[in-house]
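S.K.: Dropping in work.cif, which is mmCIF, N, CA and C atoms:
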data_run
#
loop_
_atom_site.label_atom_id
_atom_site.label_comp_id
_atom_site.auth_asym_id
_atom_site.auth_seq_id
_atom_site.Cartn_x
_atom_site.Cartn_y
_atom_site.Cartn_z
N MET O 1 60.62 93.57 170.02
CA MET O 1 61.07 94.33 168.89
C MET O 1 61.51 93.38 167.77
N THR O 2 61.20 93.73 166.53
CA THR O 2 61.54 92.84 165.42
C THR O 2 62.98 93.08 164.97
N ASP O 3 63.54 92.04 164.45
CA ASP O 3 64.90 92.09 163.92
C ASP O 3 64.85 92.74 162.54
N PRO O 4 65.68 93.76 162.28
CA PRO O 4 65.68 94.40 160.94
C PRO O 4 65.93 93.41 159.81
N ALA O 5 66.69 92.36 160.08
CA ALA O 5 66.94 91.35 159.04
C ALA O 5 65.65 90.63 158.67
N ASP O 6 64.78 90.39 159.68
CA ASP O 6 63.49 89.77 159.40
C ASP O 6 62.62 90.68 158.54
N ASP O 7 62.64 91.98 158.85
CA ASP O 7 61.87 92.94 158.06
C ASP O 7 62.35 92.97 156.61
N ALA O 8 63.65 92.92 156.42
CA ALA O 8 64.21 92.91 155.07
C ALA O 8 63.82 91.65 154.33
N ASP O 9 63.83 90.51 155.04
CA ASP O 9 63.43 89.24 154.42
C ASP O 9 61.96 89.29 154.01
N ASP O 10 61.11 89.86 154.89
CA ASP O 10 59.69 89.98 154.59
C ASP O 10 59.46 90.88 153.38
N THR O 11 60.19 91.98 153.32
CA THR O 11 60.06 92.91 152.20
C THR O 11 60.46 92.24 150.90
N ALA O 12 61.58 91.54 150.90
CA ALA O 12 62.04 90.85 149.70
C ALA O 12 61.03 89.79 149.26
N ARG O 13 60.48 89.07 150.23
CA ARG O 13 59.48 88.03 149.93
C ARG O 13 58.23 88.67 149.33
N ASP O 14 57.77 89.76 149.93
CA ASP O 14 56.58 90.45 149.41
C ASP O 14 56.81 90.97 148.00
N GLN O 15 58.00 91.51 147.74
CA GLN O 15 58.32 92.01 146.40
C GLN O 15 58.29 90.87 145.39
N ALA O 16 58.84 89.72 145.77
CA ALA O 16 58.86 88.56 144.87
C ALA O 16 57.45 88.06 144.60
N ILE O 17 56.61 88.01 145.62
CA ILE O 17 55.23 87.53 145.45
C ILE O 17 54.45 88.48 144.56
N LEU O 18 54.57 89.78 144.83
CA LEU O 18 53.86 90.77 144.02
C LEU O 18 54.34 90.73 142.58
N GLY O 19 55.64 90.62 142.38
CA GLY O 19 56.18 90.53 141.03
C GLY O 19 55.68 89.31 140.28
N ALA O 20 55.63 88.17 140.97
CA ALA O 20 55.14 86.94 140.34
C ALA O 20 53.66 87.07 139.98
N ALA O 21 52.89 87.72 140.84
CA ALA O 21 51.47 87.92 140.56
C ALA O 21 51.28 88.82 139.34
N ILE O 22 52.07 89.89 139.26
CA ILE O 22 51.99 90.80 138.11
C ILE O 22 52.38 90.05 136.83
N ARG O 23 53.44 89.25 136.91
CA ARG O 23 53.87 88.47 135.74
C ARG O 23 52.75 87.54 135.27
N ALA O 24 52.11 86.86 136.22
CA ALA O 24 51.02 85.94 135.88
C ALA O 24 49.88 86.68 135.19
N LEU O 25 49.55 87.86 135.69
CA LEU O 25 48.48 88.65 135.07
C LEU O 25 48.87 89.09 133.66
N ARG O 26 50.14 89.50 133.50
CA ARG O 26 50.62 89.90 132.17
C ARG O 26 50.56 88.73 131.20
N GLU O 27 51.04 87.58 131.65
CA GLU O 27 51.04 86.39 130.78
C GLU O 27 49.62 85.96 130.44
N ARG O 28 48.72 86.06 131.41
CA ARG O 28 47.32 85.72 131.16
C ARG O 28 46.72 86.64 130.09
N ALA O 29 47.20 87.89 130.06
CA ALA O 29 46.73 88.84 129.05
C ALA O 29 47.39 88.59 127.69
N GLY O 30 48.35 87.66 127.66
CA GLY O 30 49.02 87.31 126.40
C GLY O 30 50.03 88.35 125.93
N LEU O 31 50.61 89.09 126.88
CA LEU O 31 51.55 90.16 126.52
C LEU O 31 52.98 89.77 126.86
N THR O 32 53.90 90.18 126.00
CA THR O 32 55.32 90.07 126.34
C THR O 32 55.66 91.25 127.25
N GLN O 33 56.83 91.21 127.84
CA GLN O 33 57.25 92.34 128.67
C GLN O 33 57.36 93.61 127.81
N GLU O 34 57.80 93.46 126.58
CA GLU O 34 57.93 94.62 125.70
C GLU O 34 56.56 95.24 125.40
N GLN O 35 55.59 94.38 125.10
CA GLN O 35 54.24 94.88 124.83
C GLN O 35 53.62 95.52 126.07
N PHE O 36 53.82 94.87 127.20
CA PHE O 36 53.31 95.40 128.46
C PHE O 36 53.97 96.75 128.77
N GLY O 37 55.28 96.81 128.54
CA GLY O 37 56.01 98.06 128.77
C GLY O 37 55.48 99.20 127.92
N GLU O 38 55.18 98.91 126.67
CA GLU O 38 54.62 99.94 125.79
C GLU O 38 53.28 100.43 126.31
N ARG O 39 52.43 99.50 126.73
CA ARG O 39 51.12 99.87 127.25
C ARG O 39 51.22 100.68 128.54
N ALA O 40 52.17 100.29 129.39
CA ALA O 40 52.30 100.93 130.70
C ALA O 40 53.23 102.13 130.69
N GLY O 41 53.93 102.32 129.57
CA GLY O 41 54.88 103.43 129.49
C GLY O 41 56.11 103.19 130.35
N MET O 42 56.55 101.92 130.38
CA MET O 42 57.71 101.54 131.19
C MET O 42 58.67 100.71 130.34
N ASP O 43 59.91 100.73 130.73
CA ASP O 43 60.93 99.95 130.04
C ASP O 43 60.79 98.47 130.39
N ALA O 44 60.96 97.61 129.41
CA ALA O 44 60.82 96.17 129.62
C ALA O 44 61.84 95.66 130.65
N THR O 45 63.02 96.23 130.69
CA THR O 45 64.03 95.82 131.67
C THR O 45 63.56 96.12 133.08
N TYR O 46 62.96 97.30 133.26
CA TYR O 46 62.42 97.67 134.57
C TYR O 46 61.30 96.72 134.96
N LEU O 47 60.42 96.40 134.02
CA LEU O 47 59.33 95.45 134.30
C LEU O 47 59.89 94.09 134.69
N SER O 48 60.93 93.66 134.03
CA SER O 48 61.55 92.38 134.36
C SER O 48 62.06 92.39 135.80
N GLN O 49 62.69 93.47 136.19
CA GLN O 49 63.20 93.59 137.56
C GLN O 49 62.05 93.54 138.57
N LEU O 50 60.94 94.20 138.25
CA LEU O 50 59.78 94.18 139.14
C LEU O 50 59.19 92.78 139.23
N GLU O 51 59.00 92.15 138.08
CA GLU O 51 58.40 90.81 138.05
C GLU O 51 59.26 89.78 138.77
N ASN O 52 60.56 89.98 138.77
CA ASN O 52 61.47 89.03 139.41
C ASN O 52 61.76 89.37 140.87
N GLY O 53 61.10 90.42 141.38
CA GLY O 53 61.27 90.79 142.78
C GLY O 53 62.57 91.47 143.11
N HIS O 54 63.27 91.98 142.10
CA HIS O 54 64.55 92.63 142.32
C HIS O 54 64.43 94.10 142.64
N ARG O 55 63.23 94.63 142.50
CA ARG O 55 62.97 96.03 142.82
C ARG O 55 61.63 96.13 143.53
N GLY O 56 61.54 97.10 144.40
CA GLY O 56 60.27 97.37 145.05
C GLY O 56 59.32 98.05 144.08
N ILE O 57 58.04 97.87 144.30
CA ILE O 57 57.04 98.46 143.42
C ILE O 57 56.25 99.49 144.21
N ARG O 58 56.27 100.72 143.73
CA ARG O 58 55.48 101.77 144.37
C ARG O 58 54.00 101.59 144.03
N TRP O 59 53.15 102.12 144.89
CA TRP O 59 51.71 102.02 144.70
C TRP O 59 51.29 102.57 143.33
N ALA O 60 51.79 103.73 142.97
CA ALA O 60 51.43 104.34 141.68
C ALA O 60 51.82 103.43 140.52
N THR O 61 52.94 102.73 140.66
CA THR O 61 53.39 101.81 139.61
C THR O 61 52.46 100.61 139.50
N VAL O 62 52.04 100.09 140.63
CA VAL O 62 51.08 98.96 140.63
C VAL O 62 49.81 99.37 139.89
N MET O 63 49.29 100.54 140.23
CA MET O 63 48.06 101.00 139.60
C MET O 63 48.25 101.22 138.10
N ARG O 64 49.38 101.76 137.71
CA ARG O 64 49.69 101.98 136.29
C ARG O 64 49.74 100.65 135.54
N MET O 65 50.36 99.67 136.16
CA MET O 65 50.46 98.35 135.54
C MET O 65 49.08 97.70 135.40
N LEU O 66 48.28 97.80 136.42
CA LEU O 66 46.93 97.22 136.35
C LEU O 66 46.10 97.90 135.27
N ARG O 67 46.19 99.23 135.16
CA ARG O 67 45.46 99.94 134.11
C ARG O 67 45.91 99.48 132.73
N ALA O 68 47.21 99.25 132.57
CA ALA O 68 47.74 98.79 131.27
C ALA O 68 47.20 97.41 130.90
N LEU O 69 46.83 96.64 131.91
CA LEU O 69 46.28 95.30 131.68
C LEU O 69 44.76 95.30 131.68
N ASN O 70 44.17 96.47 131.85
CA ASN O 70 42.71 96.61 131.97
C ASN O 70 42.17 95.77 133.12
N LEU O 71 42.91 95.78 134.23
CA LEU O 71 42.53 95.05 135.43
C LEU O 71 42.40 96.01 136.60
N ASP O 72 41.95 95.47 137.74
CA ASP O 72 41.85 96.30 138.93
C ASP O 72 42.45 95.55 140.12
N LEU O 73 42.35 96.15 141.28
CA LEU O 73 42.94 95.55 142.47
C LEU O 73 42.32 94.20 142.82
N THR O 74 41.09 94.00 142.48
CA THR O 74 40.44 92.71 142.75
C THR O 74 41.16 91.60 142.02
N ASP O 75 41.53 91.85 140.77
CA ASP O 75 42.27 90.84 139.99
C ASP O 75 43.61 90.54 140.63
N LEU O 76 44.30 91.58 141.07
CA LEU O 76 45.59 91.38 141.72
C LEU O 76 45.42 90.65 143.05
N ALA O 77 44.41 91.02 143.81
CA ALA O 77 44.15 90.38 145.10
C ALA O 77 43.83 88.89 144.94
N GLU O 78 43.19 88.53 143.85
CA GLU O 78 42.89 87.12 143.60
C GLU O 78 44.13 86.35 143.17
N GLU O 79 45.04 87.01 142.47
CA GLU O 79 46.25 86.35 141.96
C GLU O 79 47.33 86.25 143.04
N TYR O 80 47.43 87.23 143.89
CA TYR O 80 48.52 87.32 144.88
C TYR O 80 48.69 86.06 145.73
N PRO O 81 47.62 85.53 146.33
CA PRO O 81 47.80 84.35 147.19
C PRO O 81 48.32 83.12 146.47
N ARG O 82 48.12 83.03 145.18
CA ARG O 82 48.60 81.86 144.42
C ARG O 82 50.12 81.78 144.40
N HIS O 83 50.78 82.89 144.70
CA HIS O 83 52.24 82.95 144.65
C HIS O 83 52.85 83.07 146.04
N ALA O 84 52.02 83.07 147.06
CA ALA O 84 52.51 83.29 148.43
C ALA O 84 53.04 82.02 149.10
N ASP O 85 52.83 80.88 148.52
CA ASP O 85 53.29 79.63 149.15
C ASP O 85 54.72 79.30 148.82
#
If you convert what's in this file into structure tokens, what do you get?
M.R.:
Amino acid sequence: MTDPADDADDTARDQAILGAAIRALRERAGLTQEQFGERAGMDATYLSQLENGHRGIRWATVMRMLRALNLDLTDLAEEYPRHAD
């Protein structure tokens, strides 16, 4: 049986990696958090929390963010491993 603390650590790590990958994609698109927020219909403060791994990201939110960047899951899948180390 796994230790709940390990699961929490894994979740926090995954959130941080996903947030860093989203940030990298946003920066590659040349957008500020404010500009990205306008495109995605989200508050820049909320985006900052997501990018910094301070909040979990729901699937629908990931898809909304990718659409705002004119990207798809393939782009995210390529970026994600670069932040996993």
S.K.: For atom C of Arg82 of chain O and atom CA of Ile22 of chain O, determine how far apart the two atoms are, in Å to one decimal place.
M.R.: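 Separation of atom C of Arg82 of chain O and atom CA of Ile22 of chain O: 11.2 Å.
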S.K.: Under the PyMOL selection byres (((chain O and resi 61-64 and name CA) around 10) and name CA), which residues of this model are included? Write them out as a list in words.
M.R.: Leu18, Gly19, Ile22, Arg39, Ala40, Gly41, Met42, Leu50, Gly56, Ile57, Arg58, Trp59, Ala60, Met65, Leu66, Arg67, Ala68, Leu69, Asn70, Leu71, Asp72, Leu73 and Leu76 of chain O
S.K.: Store the residues of this selection in a file with N, CA and C atoms, as a short mmCIF file (atom, residue, chain, number, x, y, z; two decimals), in the frame of the given file.
M.R.:
data_model
loop_
_atom_site.label_atom_id
_atom_site.label_comp_id
_atom_site.auth_asym_id
_atom_site.auth_seq_id
_atom_site.Cartn_x
_atom_site.Cartn_y
_atom_site.Cartn_z
N LEU O 18 54.57 89.78 144.83
CA LEU O 18 53.86 90.77 144.02
C LEU O 18 54.34 90.73 142.58
N GLY O 19 55.64 90.62 142.38
CA GLY O 19 56.18 90.53 141.03
C GLY O 19 55.68 89.31 140.28
N ILE O 22 52.07 89.89 139.26
CA ILE O 22 51.99 90.80 138.11
C ILE O 22 52.38 90.05 136.83
N ARG O 39 52.43 99.50 126.73
CA ARG O 39 51.12 99.87 127.25
C ARG O 39 51.22 100.68 128.54
N ALA O 40 52.17 100.29 129.39
CA ALA O 40 52.30 100.93 130.70
C ALA O 40 53.23 102.13 130.69
N GLY O 41 53.93 102.32 129.57
CA GLY O 41 54.88 103.43 129.49
C GLY O 41 56.11 103.19 130.35
N MET O 42 56.55 101.92 130.38
CA MET O 42 57.71 101.54 131.19
C MET O 42 58.67 100.71 130.34
N LEU O 50 60.94 94.20 138.25
CA LEU O 50 59.78 94.18 139.14
C LEU O 50 59.19 92.78 139.23
N GLY O 56 61.54 97.10 144.40
CA GLY O 56 60.27 97.37 145.05
C GLY O 56 59.32 98.05 144.08
N ILE O 57 58.04 97.87 144.30
CA ILE O 57 57.04 98.46 143.42
C ILE O 57 56.25 99.49 144.21
N ARG O 58 56.27 100.72 143.73
CA ARG O 58 55.48 101.77 144.37
C ARG O 58 54.00 101.59 144.03
N TRP O 59 53.15 102.12 144.89
CA TRP O 59 51.71 102.02 144.70
C TRP O 59 51.29 102.57 143.33
N ALA O 60 51.79 103.73 142.97
CA ALA O 60 51.43 104.34 141.68
C ALA O 60 51.82 103.43 140.52
N MET O 65 50.36 99.67 136.16
CA MET O 65 50.46 98.35 135.54
C MET O 65 49.08 97.70 135.40
N LEU O 66 48.28 97.80 136.42
CA LEU O 66 46.93 97.22 136.35
C LEU O 66 46.10 97.90 135.27
N ARG O 67 46.19 99.23 135.16
CA ARG O 67 45.46 99.94 134.11
C ARG O 67 45.91 99.48 132.73
N ALA O 68 47.21 99.25 132.57
CA ALA O 68 47.74 98.79 131.27
C ALA O 68 47.20 97.41 130.90
N LEU O 69 46.83 96.64 131.91
CA LEU O 69 46.28 95.30 131.68
C LEU O 69 44.76 95.30 131.68
N ASN O 70 44.17 96.47 131.85
CA ASN O 70 42.71 96.61 131.97
C ASN O 70 42.17 95.77 133.12
N LEU O 71 42.91 95.78 134.23
CA LEU O 71 42.53 95.05 135.43
C LEU O 71 42.40 96.01 136.60
N ASP O 72 41.95 95.47 137.74
CA ASP O 72 41.85 96.30 138.93
C ASP O 72 42.45 95.55 140.12
N LEU O 73 42.35 96.15 141.28
CA LEU O 73 42.94 95.55 142.47
C LEU O 73 42.32 94.20 142.82
N LEU O 76 44.30 91.58 141.07
CA LEU O 76 45.59 91.38 141.72
C LEU O 76 45.42 90.65 143.05
#
S.K.: Let me know the residues the PyMOL selection byres ((chain O and resi 21) around 8) catches in the file above, as a list of chain:residue names.
M.R.: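 Evaluating the PyMOL selection byres ((chain O and resi 21) around 8) on this file yields O:Gln15, O:Ala16, O:Ile17, O:Leu18, O:Gly19, O:Ala20, O:Ile22, O:Arg23, O:Ala24, O:Leu25, O:Arg26, O:Glu27, O:Glu51, O:Asp75, O:Leu76, O:Glu78, O:Glu79, O:Tyr80, O:Pro81, O:Arg82, O:His83, O:Ala84.
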S.K.: Looking at all atoms listed in the file, which of O:Thr45, O:Ala77, O:Thr11, O:His54 is the one that sits closest to Gln33 of chain O?
M.R.: O:Thr45
S.K.: Please enclose the listed atoms of segment 24-35 of chain O in an axis-aligned box, pad each side by 4 Å, and write out the centre and the three edge lengths in Å, rounded to one decimal, as lines of an AutoDock Vina configuration file.
M.R.:
center_x = 52.3
center_y = 90.6
center_z = 130.5
size_x = 19.2
size_y = 17.8
size_z = 19.4
